[in-house]
file model.pdb (PDB, C-alpha atoms)
ATOM      1  CA  MET A 276       0.000   0.000   0.000
ATOM      2  CA  THR A 277       1.420   3.389  -0.961
ATOM      3  CA  PHE A 278       0.500   6.463   0.959
ATOM      4  CA  ASP A 279       0.621  10.096  -0.108
ATOM      5  CA  TYR A 280       1.086  12.349   2.912
ATOM      6  CA  GLN A 281      -0.281  15.342   1.008
ATOM      7  CA  VAL A 282       2.619  17.591   1.932
ATOM      8  CA  TRP A 283       2.694  20.865   0.101
ATOM      9  CA  ALA A 284       2.838  24.057   2.045
ATOM     10  CA  LYS A 285       0.446  26.869   1.374
ATOM     11  CA  PRO A 286       0.919  30.377   2.757
ATOM     12  CA  ARG A 287      -2.337  30.129   4.697
ATOM     13  CA  ASP A 288      -0.860  27.254   6.727
ATOM     14  CA  ALA A 289       1.240  29.856   8.537
ATOM     15  CA  LEU A 290      -2.022  31.166  10.035
ATOM     16  CA  LEU A 291      -2.238  27.974  12.078
ATOM     17  CA  PHE A 292       1.007  28.752  13.920
ATOM     18  CA  PRO A 293      -0.723  31.432  16.055
ATOM     19  CA  VAL A 294      -3.658  29.051  16.583
ATOM     20  CA  GLY A 295      -1.213  26.617  18.182
ATOM     21  CA  VAL A 296       0.203  29.419  20.328
ATOM     22  CA  PHE A 297      -3.343  30.435  21.331
ATOM     23  CA  ILE A 298      -4.223  26.876  22.352
ATOM     24  CA  GLN A 299      -1.082  26.622  24.488
ATOM     25  CA  LEU A 300      -1.291  30.085  26.096
ATOM     26  CA  VAL A 301      -5.065  30.616  26.382
ATOM     27  CA  ALA A 302      -7.199  27.527  25.762
ATOM     28  CA  VAL A 303      -5.171  25.090  27.877
ATOM     29  CA  PRO A 304      -4.987  27.417  30.928
ATOM     30  CA  VAL A 305      -8.742  28.085  30.665
ATOM     31  CA  LEU A 306      -9.346  24.327  30.500
ATOM     32  CA  TYR A 307      -7.185  23.695  33.574
ATOM     33  CA  ALA A 308      -8.644  26.509  35.726
ATOM     34  CA  PRO A 309     -11.685  24.536  36.934
ATOM     35  CA  LEU A 310      -9.602  21.365  37.288
ATOM     36  CA  GLN A 311      -7.126  23.254  39.481
ATOM     37  CA  SER A 312      -9.898  24.587  41.689
ATOM     38  CA  ILE A 313     -11.408  21.116  42.155
ATOM     39  CA  TRP A 314      -8.124  19.159  42.435
ATOM     40  CA  PRO A 315      -5.407  21.735  43.272
ATOM     41  CA  GLY A 316      -2.764  19.144  44.163
ATOM     42  CA  THR A 317      -3.273  17.089  41.033
ATOM     43  CA  PHE A 318      -3.519  19.879  38.452
ATOM     44  CA  SER A 319      -1.132  22.487  39.860
ATOM     45  CA  ASP A 320       0.829  24.569  37.360
ATOM     46  CA  ALA A 321       4.045  22.978  38.616
ATOM     47  CA  LYS A 322       2.799  19.437  37.946
ATOM     48  CA  ILE A 323       1.418  20.363  34.530
ATOM     49  CA  GLN A 324       4.716  21.938  33.479
ATOM     50  CA  ASP A 325       7.074  19.404  35.130
ATOM     51  CA  ASN A 326       7.935  17.572  31.919
ATOM     52  CA  ALA A 327       8.769  20.706  29.909
ATOM     53  CA  ARG A 328      10.701  22.284  32.782
ATOM     54  CA  ASP A 329      12.749  19.105  33.299
ATOM     55  CA  LEU A 330      13.787  19.201  29.637
ATOM     56  CA  ALA A 331      14.595  22.913  29.766
ATOM     57  CA  ASP A 332      16.538  22.604  33.033
ATOM     58  CA  ARG A 333      18.770  19.845  31.645
ATOM     59  CA  ALA A 334      19.556  21.804  28.489
ATOM     60  CA  GLY A 335      22.518  24.114  28.190
ATOM     61  CA  GLY A 336      24.580  25.494  25.332
ATOM     62  CA  LEU A 337      24.399  23.324  22.236
ATOM     63  CA  SER A 338      21.925  20.950  23.880
ATOM     64  CA  THR A 339      19.492  23.875  24.171
ATOM     65  CA  VAL A 340      19.646  24.365  20.403
ATOM     66  CA  VAL A 341      19.131  20.635  19.858
ATOM     67  CA  LEU A 342      16.213  20.621  22.312
ATOM     68  CA  ILE A 343      14.551  23.551  20.555
ATOM     69  CA  MET A 344      14.997  21.912  17.144
ATOM     70  CA  MET A 345      13.622  18.589  18.398
ATOM     71  CA  VAL A 346      10.638  20.012  20.286
ATOM     72  CA  VAL A 347       9.687  22.837  17.928
ATOM     73  CA  ILE A 348      10.514  21.284  14.541
ATOM     74  CA  GLY A 349      11.261  17.558  14.817
ATOM     75  CA  ALA A 350       8.441  16.386  17.068
ATOM     76  CA  PRO A 351       5.680  18.252  15.197
ATOM     77  CA  ILE A 352       6.822  16.886  11.841
ATOM     78  CA  VAL A 353       7.286  13.293  13.005
ATOM     79  CA  GLU A 354       4.175  13.175  15.194
ATOM     80  CA  GLU A 355       1.925  14.721  12.561
ATOM     81  CA  LEU A 356       3.245  12.407   9.848
ATOM     82  CA  VAL A 357       2.522   9.414  12.081
ATOM     83  CA  TYR A 358      -0.696  10.416  13.832
ATOM     84  CA  ARG A 359      -2.567  12.602  11.346
ATOM     85  CA  GLY A 360      -0.716  11.763   8.132
ATOM     86  CA  PHE A 361      -0.777   8.008   8.516
ATOM     87  CA  LEU A 362      -3.019   6.786  11.347
ATOM     88  CA  GLN A 363      -5.881   9.251  11.015
ATOM     89  CA  ARG A 364      -5.993   8.927   7.242
ATOM     90  CA  TYR A 365      -5.654   5.140   7.361
ATOM     91  CA  LEU A 366      -8.387   4.738   9.984
ATOM     92  CA  ALA A 367     -10.634   6.983   7.891
ATOM     93  CA  THR A 368     -10.547   4.255   5.227
ATOM     94  CA  ARG A 369     -11.883   1.782   7.809
ATOM     95  CA  PHE A 370     -14.173   4.019   9.864
ATOM     96  CA  THR A 371     -15.760   7.414   9.421
ATOM     97  CA  ARG A 372     -13.540  10.484   9.283
ATOM     98  CA  ALA A 373     -14.996  11.618  12.612
ATOM     99  CA  ALA A 374     -14.293   8.260  14.259
ATOM    100  CA  SER A 375     -10.705   8.224  12.968
ATOM    101  CA  TRP A 376     -10.225  11.794  14.233
ATOM    102  CA  LEU A 377     -11.466  10.878  17.727
ATOM    103  CA  LEU A 378      -9.548   7.577  17.882
ATOM    104  CA  VAL A 379      -6.265   9.198  16.906
ATOM    105  CA  ALA A 380      -6.826  12.113  19.294
ATOM    106  CA  GLY A 381      -7.313   9.611  22.114
ATOM    107  CA  LEU A 382      -4.251   7.605  21.119
ATOM    108  CA  PHE A 383      -2.073  10.720  20.763
ATOM    109  CA  THR A 384      -3.178  11.895  24.209
ATOM    110  CA  ALA A 385      -2.647   8.524  25.894
ATOM    111  CA  ILE A 386       0.744   7.825  24.305
ATOM    112  CA  HIS A 387       2.274  10.808  26.106
ATOM    113  CA  LEU A 388       1.864   8.859  29.380
ATOM    114  CA  ARG A 389       1.372  11.904  31.620
ATOM    115  CA  PRO A 390      -2.199  11.869  32.968
ATOM    116  CA  VAL A 391      -1.849  15.417  34.324
ATOM    117  CA  GLU A 392      -1.347  16.593  30.719
ATOM    118  CA  PHE A 393      -4.226  14.559  29.238
ATOM    119  CA  PRO A 394      -6.887  17.328  29.286
ATOM    120  CA  GLY A 395      -4.653  19.831  27.483
ATOM    121  CA  LEU A 396      -3.270  17.239  25.085
ATOM    122  CA  ALA A 397      -6.777  16.041  24.266
ATOM    123  CA  VAL A 398      -7.887  19.555  23.296
ATOM    124  CA  PHE A 399      -4.702  20.091  21.321
ATOM    125  CA  SER A 400      -4.963  16.719  19.579
ATOM    126  CA  LEU A 401      -8.559  17.407  18.571
ATOM    127  CA  ALA A 402      -7.415  20.734  17.095
ATOM    128  CA  VAL A 403      -4.556  19.292  15.024
ATOM    129  CA  GLY A 404      -6.783  16.430  13.906
ATOM    130  CA  ALA A 405      -9.434  18.918  12.813
ATOM    131  CA  ALA A 406      -6.785  20.914  10.929
ATOM    132  CA  ALA A 407      -5.806  17.731   9.089
ATOM    133  CA  LEU A 408      -9.447  16.966   8.261
ATOM    134  CA  VAL A 409     -10.209  20.458   6.989
ATOM    135  CA  ALA A 410      -6.976  21.041   5.075
ATOM    136  CA  GLU A 411      -6.707  17.475   3.782
ATOM    137  CA  ARG A 412      -2.964  17.999   3.961
ATOM    138  CA  ILE A 413      -0.429  17.330   6.669
ATOM    139  CA  ASP A 414       1.406  20.657   6.656
ATOM    140  CA  ALA A 415      -1.539  22.503   8.232
ATOM    141  CA  PRO A 416      -1.474  20.462  11.466
ATOM    142  CA  ILE A 417       2.329  20.619  11.458
ATOM    143  CA  ALA A 418       2.163  24.450  11.542
ATOM    144  CA  LEU A 419      -0.361  24.342  14.394
ATOM    145  CA  HIS A 420       1.776  21.819  16.273
ATOM    146  CA  ILE A 421       4.906  23.954  15.848
ATOM    147  CA  GLY A 422       3.094  26.953  17.355
ATOM    148  CA  PHE A 423       1.818  24.877  20.281
ATOM    149  CA  ASN A 424       5.219  23.364  21.069
ATOM    150  CA  ALA A 425       7.100  26.646  20.591
ATOM    151  CA  ALA A 426       4.821  28.435  23.054
ATOM    152  CA  GLY A 427       5.056  25.561  25.534
ATOM    153  CA  LEU A 428       8.834  25.481  25.367
ATOM    154  CA  LEU A 429       9.008  29.252  25.766
ATOM    155  CA  LEU A 430       6.977  28.912  28.974
ATOM    156  CA  ALA A 431       9.438  26.309  30.245
ATOM    157  CA  PHE A 432      12.443  28.614  29.812
TER     158      PHE A 432
END
call {"tool": "encode", "arguments": {"input": "model.pdb", "output": "structure tokens"}}
result
Amino acid sequence: MTFDYQVWAKPRDALLFPVGVFIQLVAVPVLYAPLQSIWPGTFSDAKIQDNARDLADRAGGLSTVVLIMMVVIGAPIVEELVYRGFLQRYLATRFTRAASWLLVAGLFTAIHLRPVEFPGLAVFSLAVGAAALVAERIDAPIALHIGFNAAGLLLAF
């Protein structure tokens, strides 16, 4: 089976970069606000940001550049090729597009293995999956993912 990832950048894809930033800086904190008031120990800002801060704290010099390249460029490209480019599109041949979108969003969220991050990752994953559905190309969710990760990493430093 051959698979076309539908990669060709369009200028309008750049508009999704700020959407990713918005999700990271506005939507995720709004989502966590009620969770933090109900379960303050579980959903504290420190616990939510532990993973990113650990990465940032261990980086220094050249490793900081490598970290930025991996988190802001590498991870969005690889993850979107796998999750939205392959899995979501493949599952859409077996199920409905909506079912494949929801299944892959759940898998993407769960695979990160940090339950404290699941609410934010679920919202984010639904957004990048929707971008893939609407654009019918993989570069749109990659741009959104880059914005999300860049904003998250900036918060960690």
call {"tool": "resolve_selection", "arguments": {"input": "model.pdb", "expression": "the PyMOL selection byres ((chain A and resi 412-414) around 12)", "output": "VMD selection string"}}
result
chain A and resid 279 to 292 351 to 364 403 to 411 415 to 421
call {"tool": "resolve_selection", "arguments": {"input": "model.pdb", "expression": "the PyMOL selection byres ((chain A and resi 377) around 10)", "output": "PyMOL selection string"}}
result
chain A and resi 363+371-376+378-383+397+400-401+404-405
call {"tool": "closest_residue", "arguments": {"input": "model.pdb", "among": "A:Ala367, A:Val294, A:Ala331, A:Ala302", "to": "Phe432 (chain A)", "atoms": "only C-alpha atoms"}}
result
A:Ala331
call {"tool": "atom_distance", "arguments": {"input": "model.pdb", "atom1": "CA of Ala402 (chain A)", "atom2": "CA of Ala308 (chain A)"}}
result
19.5 Å
call {"tool": "resolve_selection", "arguments": {"input": "model.pdb", "expression": "the PyMOL selection byres ((chain A and resi 395) around 9)", "output": "ChimeraX atom specification"}}
result
/A:298-299,302-304,306-307,384,391-394,396-400
call {"tool": "residues_around", "arguments": {"input": "model.pdb", "residues": "region 320-324 of chain A", "least_positions_apart": "3", "cutoff": "9 Å", "atoms": "all atoms listed in the file", "output": "mmCIF file with C-alpha atoms, in the frame of the given file"}}
result
data_model
loop_
_atom_site.group_PDB
_atom_site.id
_atom_site.type_symbol
_atom_site.label_atom_id
_atom_site.label_comp_id
_atom_site.auth_asym_id
_atom_site.auth_seq_id
_atom_site.Cartn_x
_atom_site.Cartn_y
_atom_site.Cartn_z
ATOM 1 C CA TYR A 307 -7.185 23.695 33.574
ATOM 2 C CA GLN A 311 -7.126 23.254 39.481
ATOM 3 C CA GLY A 316 -2.764 19.144 44.163
ATOM 4 C CA THR A 317 -3.273 17.089 41.033
ATOM 5 C CA ALA A 327 8.769 20.706 29.909
ATOM 6 C CA ARG A 328 10.701 22.284 32.782
ATOM 7 C CA ASP A 329 12.749 19.105 33.299
ATOM 8 C CA ARG A 389 1.372 11.904 31.620
ATOM 9 C CA VAL A 391 -1.849 15.417 34.324
ATOM 10 C CA GLU A 392 -1.347 16.593 30.719
ATOM 11 C CA GLY A 427 5.056 25.561 25.534
ATOM 12 C CA LEU A 430 6.977 28.912 28.974
ATOM 13 C CA ALA A 431 9.438 26.309 30.245
#
call {"tool": "closest_residue", "arguments": {"input": "model.pdb", "among": "A:Leu330, A:Leu310, A:Leu429, A:Ala385", "to": "Leu342 (chain A)", "atoms": "all atoms listed in the file"}}
result
A:Leu330
call {"tool": "atom_distance", "arguments": {"input": "model.pdb", "atom1": "CA of Phe297 (chain A)", "atom2": "CA of Ile348 (chain A)"}}
result
17.9 Å
call {"tool": "atom_distance", "arguments": {"input": "model.pdb", "atom1": "CA of Asn424 (chain A)", "atom2": "CA of Leu300 (chain A)"}}
result
10.6 Å
call {"tool": "axis_aligned_box", "arguments": {"input": "model.pdb", "around": "region 382-393 of chain A", "padding_each_side": "4 Å", "output": "JSON"}}
result
{"center_x": -1.0, "center_y": 12.1, "center_z": 27.5, "size_x": 14.5, "size_y": 17.0, "size_z": 21.6}
call {"tool": "decode", "arguments": {"input": "model.pdb", "residues": "region 325-341 of chain A", "atoms": "all heavy atoms", "output": "mmCIF file, in the first residue's frame"}}
result
data_model
loop_
_atom_site.group_PDB
_atom_site.id
_atom_site.type_symbol
_atom_site.label_atom_id
_atom_site.label_comp_id
_atom_site.auth_asym_id
_atom_site.auth_seq_id
_atom_site.Cartn_x
_atom_site.Cartn_y
_atom_site.Cartn_z
ATOM 1 N N ASP A 325 5.896 20.171 34.707
ATOM 2 C CA ASP A 325 7.074 19.404 35.130
ATOM 3 C C ASP A 325 7.885 18.865 33.967
ATOM 4 O O ASP A 325 9.115 19.006 33.937
ATOM 5 C CB ASP A 325 6.669 18.222 36.017
ATOM 6 C CG ASP A 325 6.606 18.590 37.476
ATOM 7 O OD1 ASP A 325 7.021 19.703 37.831
ATOM 8 O OD2 ASP A 325 6.107 17.753 38.263
ATOM 9 N N ASN A 326 7.249 18.221 33.030
ATOM 10 C CA ASN A 326 7.935 17.572 31.919
ATOM 11 C C ASN A 326 8.739 18.584 31.092
ATOM 12 O O ASN A 326 9.918 18.378 30.817
ATOM 13 C CB ASN A 326 6.917 16.847 31.039
ATOM 14 C CG ASN A 326 7.546 15.823 30.144
ATOM 15 O OD1 ASN A 326 8.552 15.232 30.486
ATOM 16 N ND2 ASN A 326 6.938 15.610 28.996
ATOM 17 N N ALA A 327 8.097 19.683 30.713
ATOM 18 C CA ALA A 327 8.769 20.706 29.909
ATOM 19 C C ALA A 327 9.895 21.369 30.697
ATOM 20 O O ALA A 327 10.981 21.625 30.161
ATOM 21 C CB ALA A 327 7.768 21.750 29.435
ATOM 22 N N ARG A 328 9.658 21.640 31.967
ATOM 23 C CA ARG A 328 10.701 22.284 32.782
ATOM 24 C C ARG A 328 11.894 21.356 32.986
ATOM 25 O O ARG A 328 13.035 21.811 32.997
ATOM 26 C CB ARG A 328 10.122 22.723 34.125
ATOM 27 C CG ARG A 328 9.292 23.969 33.984
ATOM 28 C CD ARG A 328 9.427 24.861 35.217
ATOM 29 N NE ARG A 328 8.723 26.093 34.949
ATOM 30 C CZ ARG A 328 7.506 26.383 35.401
ATOM 31 N NH1 ARG A 328 6.868 25.526 36.158
ATOM 32 N NH2 ARG A 328 6.944 27.528 35.108
ATOM 33 N N ASP A 329 11.642 20.058 33.157
ATOM 34 C CA ASP A 329 12.749 19.105 33.299
ATOM 35 C C ASP A 329 13.636 19.129 32.060
ATOM 36 O O ASP A 329 14.855 19.129 32.157
ATOM 37 C CB ASP A 329 12.221 17.680 33.525
ATOM 38 C CG ASP A 329 11.678 17.472 34.930
ATOM 39 O OD1 ASP A 329 11.922 18.327 35.806
ATOM 40 O OD2 ASP A 329 10.994 16.443 35.142
ATOM 41 N N LEU A 330 13.009 19.136 30.885
ATOM 42 C CA LEU A 330 13.787 19.201 29.637
ATOM 43 C C LEU A 330 14.586 20.495 29.561
ATOM 44 O O LEU A 330 15.766 20.485 29.222
ATOM 45 C CB LEU A 330 12.853 19.107 28.429
ATOM 46 C CG LEU A 330 12.290 17.741 28.100
ATOM 47 C CD1 LEU A 330 11.239 17.864 27.004
ATOM 48 C CD2 LEU A 330 13.383 16.786 27.694
ATOM 49 N N ALA A 331 13.934 21.609 29.851
ATOM 50 C CA ALA A 331 14.595 22.913 29.766
ATOM 51 C C ALA A 331 15.723 23.032 30.784
ATOM 52 O O ALA A 331 16.791 23.573 30.473
ATOM 53 C CB ALA A 331 13.576 24.031 29.964
ATOM 54 N N ASP A 332 15.516 22.508 31.992
ATOM 55 C CA ASP A 332 16.538 22.604 33.033
ATOM 56 C C ASP A 332 17.784 21.798 32.697
ATOM 57 O O ASP A 332 18.891 22.173 33.074
ATOM 58 C CB ASP A 332 15.978 22.139 34.381
ATOM 59 C CG ASP A 332 14.985 23.121 34.975
ATOM 60 O OD1 ASP A 332 14.904 24.275 34.481
ATOM 61 O OD2 ASP A 332 14.260 22.735 35.912
ATOM 62 N N ARG A 333 17.613 20.694 31.995
ATOM 63 C CA ARG A 333 18.770 19.845 31.645
ATOM 64 C C ARG A 333 19.528 20.380 30.439
ATOM 65 O O ARG A 333 20.647 19.955 30.170
ATOM 66 C CB ARG A 333 18.302 18.419 31.368
ATOM 67 C CG ARG A 333 17.926 17.676 32.633
ATOM 68 C CD ARG A 333 17.685 16.239 32.336
ATOM 69 N NE ARG A 333 16.578 16.106 31.400
ATOM 70 C CZ ARG A 333 15.655 15.178 31.469
ATOM 71 N NH1 ARG A 333 15.704 14.267 32.388
ATOM 72 N NH2 ARG A 333 14.687 15.133 30.593
ATOM 73 N N ALA A 334 18.917 21.283 29.703
ATOM 74 C CA ALA A 334 19.556 21.804 28.489
ATOM 75 C C ALA A 334 20.514 22.936 28.838
ATOM 76 O O ALA A 334 20.300 23.688 29.774
ATOM 77 C CB ALA A 334 18.495 22.301 27.515
ATOM 78 N N GLY A 335 21.554 23.036 28.032
ATOM 79 C CA GLY A 335 22.518 24.114 28.190
ATOM 80 C C GLY A 335 23.414 24.154 26.966
ATOM 81 O O GLY A 335 23.792 23.112 26.431
ATOM 82 N N GLY A 336 23.712 25.341 26.491
ATOM 83 C CA GLY A 336 24.580 25.494 25.332
ATOM 84 C C GLY A 336 24.015 24.846 24.088
ATOM 85 O O GLY A 336 22.875 25.091 23.713
ATOM 86 N N LEU A 337 24.806 23.987 23.466
ATOM 87 C CA LEU A 337 24.399 23.324 22.236
ATOM 88 C C LEU A 337 23.181 22.429 22.452
ATOM 89 O O LEU A 337 22.325 22.312 21.571
ATOM 90 C CB LEU A 337 25.556 22.513 21.655
ATOM 91 C CG LEU A 337 25.284 21.804 20.331
ATOM 92 C CD1 LEU A 337 24.897 22.809 19.247
ATOM 93 C CD2 LEU A 337 26.495 20.993 19.906
ATOM 94 N N SER A 338 23.074 21.820 23.626
ATOM 95 C CA SER A 338 21.925 20.950 23.880
ATOM 96 C C SER A 338 20.620 21.746 23.906
ATOM 97 O O SER A 338 19.556 21.202 23.610
ATOM 98 C CB SER A 338 22.107 20.141 25.165
ATOM 99 O OG SER A 338 22.137 20.975 26.294
ATOM 100 N N THR A 339 20.699 23.031 24.231
ATOM 101 C CA THR A 339 19.492 23.875 24.171
ATOM 102 C C THR A 339 19.036 24.031 22.728
ATOM 103 O O THR A 339 17.839 23.944 22.434
ATOM 104 C CB THR A 339 19.769 25.263 24.793
ATOM 105 O OG1 THR A 339 20.165 25.088 26.147
ATOM 106 C CG2 THR A 339 18.540 26.152 24.722
ATOM 107 N N VAL A 340 19.977 24.240 21.828
ATOM 108 C CA VAL A 340 19.646 24.365 20.403
ATOM 109 C C VAL A 340 19.042 23.058 19.890
ATOM 110 O O VAL A 340 18.036 23.067 19.185
ATOM 111 C CB VAL A 340 20.893 24.764 19.574
ATOM 112 C CG1 VAL A 340 20.597 24.740 18.088
ATOM 113 C CG2 VAL A 340 21.412 26.119 20.014
ATOM 114 N N VAL A 341 19.639 21.945 20.273
ATOM 115 C CA VAL A 341 19.131 20.635 19.858
ATOM 116 C C VAL A 341 17.729 20.418 20.423
ATOM 117 O O VAL A 341 16.827 19.954 19.716
ATOM 118 C CB VAL A 341 20.087 19.500 20.281
ATOM 119 C CG1 VAL A 341 19.478 18.134 20.033
ATOM 120 C CG2 VAL A 341 21.421 19.645 19.560
#
